[in-house]
Amino acid sequence: MNFDITSGLNEKQKEAVLNGDGRVLVLSGAGSGKTRVIAHRIAYLLLEKGVSPYSILSVTFTNKAANEMKERVLKLLNRESVPFLWIGTFHSVCARILRDDIEKLKIGIDKHFTIFDRDDSKSLIKKILKEEKFSEEVYSASEIIEYFSLQKRGGKGYKNTVLNSIYEIYSKRLIESNAVDFDDLLLFTLKLLKEIEDVRKKYQERFKYILVDEYQDTNDIQEELLSILSQKWKNTFLVGDEDQSIYGFRGSKVRHIVEFPKRYEGVKIIRLEQNYRSFDSILKAASALVSHNTERLGKNLWTDRRGGEKIYFFSGLSDREEANFVADTINKLSENYNFSNFAVLMRTNAQSRAVEETFLNKKIPYQIVGGLKFYERKEIKDILAYIKLAINPYDRVSLLRIINTPQRGIGKTTIEEIETISREREIPLFNAIKEGLEEKTLKLRGVSSLQTFLKIIEETLTKIKELKPSEVVAWLINEISYEDYLESHNDPNKESRIENIWQLVSALKEFEEKEGANFESFLERQALQSDQDELNGESSKRDSVKVMTIHSAKGLEFPVVFIIGVEDGYFPHEFSKMKEEEIEEERRLLYVGMTRAMDKLFLTNSRTRYIYGNVVERDPSPFLAEIPQKYIEKVYGVEAGKKLNWNILEDFFEEGKEFGRENQLLKPGARVCHKTYGVGVVLSTEGSGENLKVNVSFSRFGRKKLLAKLAKLEIL
DNA sequence: TTCTATAGCGAGAAA
DNA sequence: CGCTATAGAA
């Protein structure tokens with residue numbers, strides 16, 4: 001072997017790549033080249049240690065990261081492909097394991113199962129709430145689905161009996177639909193490994209080397225999966241950074257990475273502390289911020305990139321002014337940068353609106369990453385529901401979605417009839433239609449429509465067997481006149497919807513060329529798609545500014561980064577300032593955002609902002625006071641001499657650390673507690689003094705307008 | 001059964 | 001403010 005696998009790596013990276021067997025924890029700071037280390041490590045195992053690709057499992061956080069990893073490894077190996085090497089996300093790896101062996105669990109799910117995304121799960125819950133007359137229940141479908149997810153992850157019993165019975169129906173319906181939700185993917189895999197010995201043995205034997213990226217964001221179930229899979233060979237190579245753990249709401253726990261060295265004996269820790277991404281001013285500012293956290297192992301990031309500019313801070317009077325500042329700065333800097341060198345990062349998706357409007361005005365090309373994803377769009381889900389139903393006729397959610405879309409005269413009554421047949425005979429809806437038609441028990445009106453529907457699905461299945469996926473979809477769009485259906489609606493987005501369905505055909509074509517003509521694997525990919533996957537898509541090939549949440553920006557880097565809305569209420573978010581550990585995660589979130597920047601970093605905020613269409617006053621983020629002022633340059637914005645901005649900032653920095661101020665006043669954004677209504681957030685106020693009225697959104701009782709004097713609201 | 005207008009609610013991050 | 005669920009008319 002005349003090629004040195006470690007060339008171009010620093011000492012620490014080499015140490016990690018060449019490490020022998022055993023459990024390793026690679027603590028790798030932002031921009032320290034961890035993807036590189038994993039790719040080199042895989043190449044090293046294959047080339048130098050003669051490990052079979054069959055014995056390696058590499059888990060990444062997103063599909064995009066998995067693809068990048070694959071490409072890097074192939075390049076290092078100088079090959080076109082490496083068969084049997086598993087690189088994928090936890091969810092996709094689990095889906096793959098389940099496709100082979102789920103039938104062994106004997107839970108009534110076969111290998112053609114459909115993966116329900118959150119939206120599918122939600123419509124299932126809504127349906128159950130309606131049917132079972134839980135309407136007086138105060139929980140919304142999304143609250144319930146989140147609650148179920150939490151329970152599934154934690155594995156605890158259900159305390160609430162109503163929720164408990166909804167949960168039972170939900171689980172039953174999933175099985176009837178031959179479907180699994182996101183949590184099931186992980187949970188059933190765990191069950192499979194725990195309960196079926198030969199499956200467990202198969203994978204324990206197989207995966208001699210397991211590599212995990214973004215380890216700080218694993219949840220309990222993933223943690224247990226790893227522990228079982230690695231039990232025989234004990235070779236886990238975990239790469240992560242506790243300071244970048246930002247998925248607590250999805251069940252990830254910093255604890256896993258922080259306590260890993262204590263959990264097993266002889267864990268080797270390697271720290272990657274050289275940052276190759278950012279100028280030192282950016283790095284120092286970000287490090288100073290995150291050093292306020294307690295739950296960390298600690299590290300000292302450093303860089304060779306000296307002499308950069310300070311980070312910039314701008315405070316606008318309105319979100320509009322803030323967006324203008326961002327746009328004008330981009331225009332100014334665009335002499336030296338491409339548009340795709342800029343990223344605008346934010347805490348919540350809703351913040352993108354002001355930015356989008358301004359960018360449209362000022363003719364700045366942009367792409368929103370995340371938010372409503374391509375495959376979550378109504379038109380795409382409609383079309384794919386036909387395919388899903390043809391492949392998996394048990395899929396209730398897909399069936400109900402399209403039975404009358406486009407309208408073919410199948411209304412509430414007809415649907416209720418087939419649902420009754422389905423329930424009474426305990427057969428899937430699809431069969432209920434068939435039987436109902438054969439026995440002529442259905443009322444006349446719906447019969448011919450149902451026949452048409454049945455025929456379409458059956459023909460779709462035939463076409464799937466005969467044609468390529470892209471051809472099937474093109475045929476289907478014509479067959480059901482879907483374009484006419486969109487056309488006939490008074491929908492302001494109808495043009496883009498029509499565009500989208502043909503874009504789906506193109507996406508399928510591309511998939512066929514790369515991955516072969518298998519619809520099921522396409523659907524699986526689609527269900528497990530992540531935000532970042534859009535960055536490989538057609539629209540991102542245009543030179544455009546990328547606009548996204550910080551969560552979506554994880555793992556990415558950009559020459560120029562703007563973080564907007566650096567305010568109390570976003571950093572930390574209103575909902576996350578109750579517990580110290582939540583505040584720490586919010587701090588990490590800002591840290592992750594800041595460390596995306598290579599050359600220039602702008603933090604911006606606004607004194608006022610539209611929330612729910614109301615103007616709300618905002619304070620700067622308390623985290624700003626944790627960044628030493630010497631790293632910050634305050635800018636006035638485009639219109640010079642905005643004395644006010646300056647003063648606001650000065651005041652803020654001087655008064656500075658009044659972190660716990662937690663406003664003594666009832667003002668928008670304040671969290672309050674009411675004796676009967678429970679916890680809520682103040683949306684707006686009217687009047688003052690004796691007549692002060694507060695408009696509060698309670699999490700369990702919705703919006704209420706209360707007279708402050710009488711309501712006796714406790715400010716949390 | 002379908003179409004249309006509007007009330008009312010909502011948005012924290014996502015595989 | 002923007003989306004959607006729903007009520008009521010056609």
# chains A, B, ... in the order shown; residues from 1 in each chain; ligands from 1
$ residues_around --residues "region 5-14 of chain B" --least-positions-apart "4" --cutoff "8 Å" --atoms "only C-alpha atoms (C1' of nucleotides)" --output "PyMOL selection string"
chain A and resi 247+249-250+347-348+350+530+551+573+575+612
$ write_last_selection --atoms "all heavy atoms" --output "compact mmCIF listing (two decimals), in the first residue's frame"
# COMPACT_ATOMS: atom_id res chain seq x y z
N TYR A 247 -30.93 18.28 20.46
CA TYR A 247 -32.15 17.55 20.14
C TYR A 247 -32.82 16.94 21.36
O TYR A 247 -33.41 15.87 21.27
CB TYR A 247 -31.88 16.49 19.07
CG TYR A 247 -31.90 17.08 17.67
CD1 TYR A 247 -30.74 17.57 17.10
CD2 TYR A 247 -33.08 17.18 16.97
CE1 TYR A 247 -30.76 18.13 15.84
CE2 TYR A 247 -33.12 17.74 15.72
CZ TYR A 247 -31.96 18.22 15.15
OH TYR A 247 -32.01 18.78 13.91
N PHE A 249 -35.53 17.66 22.67
CA PHE A 249 -36.97 17.49 22.46
C PHE A 249 -37.27 16.20 21.69
O PHE A 249 -38.40 15.74 21.65
CB PHE A 249 -37.56 18.68 21.71
CG PHE A 249 -37.07 18.83 20.30
CD1 PHE A 249 -37.76 18.25 19.26
CD2 PHE A 249 -35.91 19.54 20.04
CE1 PHE A 249 -37.31 18.39 17.96
CE2 PHE A 249 -35.46 19.69 18.74
CZ PHE A 249 -36.16 19.11 17.70
N ARG A 250 -36.26 15.64 21.09
CA ARG A 250 -36.46 14.39 20.38
C ARG A 250 -35.93 13.23 21.23
O ARG A 250 -35.80 12.12 20.75
CB ARG A 250 -35.70 14.44 19.06
CG ARG A 250 -36.51 13.98 17.90
CD ARG A 250 -35.89 14.35 16.59
NE ARG A 250 -34.67 13.63 16.30
CZ ARG A 250 -33.91 13.84 15.23
NH1 ARG A 250 -34.25 14.78 14.38
NH2 ARG A 250 -32.84 13.15 15.01
N ARG A 347 -34.16 30.83 15.02
CA ARG A 347 -34.60 29.89 16.03
C ARG A 347 -35.85 29.13 15.58
O ARG A 347 -35.99 27.94 15.81
CB ARG A 347 -34.88 30.66 17.34
CG ARG A 347 -35.42 29.84 18.49
CD ARG A 347 -34.41 28.82 18.96
NE ARG A 347 -34.95 27.48 18.96
CZ ARG A 347 -35.48 26.85 19.99
NH1 ARG A 347 -35.51 27.44 21.17
NH2 ARG A 347 -35.96 25.66 19.87
N THR A 348 -36.79 29.85 14.96
CA THR A 348 -38.06 29.20 14.56
C THR A 348 -38.34 29.42 13.08
O THR A 348 -37.92 30.43 12.50
CB THR A 348 -39.26 29.78 15.34
OG1 THR A 348 -39.49 31.11 14.88
CG2 THR A 348 -39.01 29.82 16.83
N ALA A 350 -41.03 30.27 11.70
CA ALA A 350 -41.92 31.40 11.43
C ALA A 350 -41.15 32.69 11.15
O ALA A 350 -41.66 33.61 10.54
CB ALA A 350 -42.87 31.61 12.60
N SER A 530 -34.50 14.15 5.38
CA SER A 530 -34.28 15.22 6.34
C SER A 530 -34.16 16.56 5.61
O SER A 530 -34.03 16.61 4.39
CB SER A 530 -33.01 14.96 7.13
OG SER A 530 -31.89 15.05 6.29
N HIS A 551 -31.31 24.27 13.89
CA HIS A 551 -31.35 22.81 13.89
C HIS A 551 -31.04 22.25 12.51
O HIS A 551 -30.31 21.27 12.38
CB HIS A 551 -32.72 22.32 14.36
CG HIS A 551 -32.91 22.41 15.84
ND1 HIS A 551 -33.44 23.52 16.45
CD2 HIS A 551 -32.60 21.54 16.82
CE1 HIS A 551 -33.46 23.33 17.75
NE2 HIS A 551 -32.96 22.13 18.01
N HIS A 573 -35.56 30.21 24.10
CA HIS A 573 -36.95 30.27 23.66
C HIS A 573 -37.87 30.38 24.88
O HIS A 573 -37.57 29.85 25.95
CB HIS A 573 -37.31 29.02 22.86
CG HIS A 573 -38.62 29.18 22.14
ND1 HIS A 573 -39.82 28.95 22.75
CD2 HIS A 573 -38.89 29.59 20.89
CE1 HIS A 573 -40.79 29.21 21.89
NE2 HIS A 573 -40.25 29.59 20.75
N PHE A 575 -40.40 28.90 25.74
CA PHE A 575 -40.81 27.64 26.36
C PHE A 575 -39.69 26.92 27.09
O PHE A 575 -39.91 25.90 27.70
CB PHE A 575 -41.38 26.70 25.29
CG PHE A 575 -42.59 27.22 24.60
CD1 PHE A 575 -43.01 26.67 23.40
CD2 PHE A 575 -43.32 28.28 25.14
CE1 PHE A 575 -44.13 27.16 22.74
CE2 PHE A 575 -44.43 28.78 24.49
CZ PHE A 575 -44.85 28.22 23.29
N TYR A 612 -48.08 36.39 15.89
CA TYR A 612 -49.51 36.21 15.69
C TYR A 612 -50.15 37.48 15.12
O TYR A 612 -51.29 37.79 15.43
CB TYR A 612 -50.23 35.88 17.00
CG TYR A 612 -49.96 34.52 17.53
CD1 TYR A 612 -49.43 34.36 18.80
CD2 TYR A 612 -50.25 33.40 16.77
CE1 TYR A 612 -49.20 33.11 19.31
CE2 TYR A 612 -50.01 32.14 17.28
CZ TYR A 612 -49.50 32.00 18.55
OH TYR A 612 -49.28 30.77 19.05
$ closest_atom_pairs --of "chain B" --to "chain C" --cutoff "9 Å" --atoms "only C-alpha atoms (C1' of nucleotides)" --output "tab-separated table"
residue	atom	partner	partner_atom	distance
B:DT2	C1'	C:DA10	C1'	8.5
B:DC3	C1'	C:DA10	C1'	7.9
B:DT4	C1'	C:DA9	C1'	8.9
B:DG10	C1'	C:DC3	C1'	8.9
$ closest_atom_pairs --of "chain A" --to "chain C" --cutoff "9 Å" --atoms "only C-alpha atoms (C1' of nucleotides)" --output "Markdown table"
| residue | atom | partner | partner_atom | distance |
| --- | --- | --- | --- | --- |
| A:Tyr610 | CA | C:DC1 | C1' | 8.6 |
| A:Ile611 | CA | C:DC1 | C1' | 8.4 |
| A:Tyr612 | CA | C:DC1 | C1' | 6.1 |
| A:Gly613 | CA | C:DC1 | C1' | 4.6 |
| A:Asn614 | CA | C:DC1 | C1' | 8.4 |
$ atom_distance --atom1 "CA of Lys284 (chain A)" --atom2 "CA of His40 (chain A)"
28.6 Å
$ select_by_dssp --residues "region 196-317 of chain A" --states "helix (DSSP H, G or I)" --output "ChimeraX atom specification"
/A:197-206,215-217,220-229,242-244,248-250,254-263,280-290
$ select_by_dssp --residues "region 418-598 of chain A" --states "strand (DSSP E or B)" --output "list of chain:residue names"
A:Val545, A:Lys546, A:Val547, A:Met548, A:Thr549, A:Phe558, A:Pro559, A:Val560, A:Val561, A:Phe562, A:Ile563, A:Glu567, A:Gly569, A:Tyr570, A:His573, A:Ala597, A:Met598
$ atom_distance --atom1 "CA of Glu131 (chain A)" --atom2 "CA of Ile415 (chain A)"
12.7 Å
$ atom_distance --atom1 "CA of Lys12 (chain A)" --atom2 "CA of Ile269 (chain A)"
10.8 Å
$ residues_around --residues "region 198-208 of chain A" --least-positions-apart "2" --cutoff "7 Å" --atoms "only C-alpha atoms (C1' of nucleotides)" --output "list in words"
Ser55, Ile56, Leu57, Leu193, Lys194, Ile196, Ile210, Leu229, Ser230, Gln231, Lys232, Trp233 and Asn235 of chain A
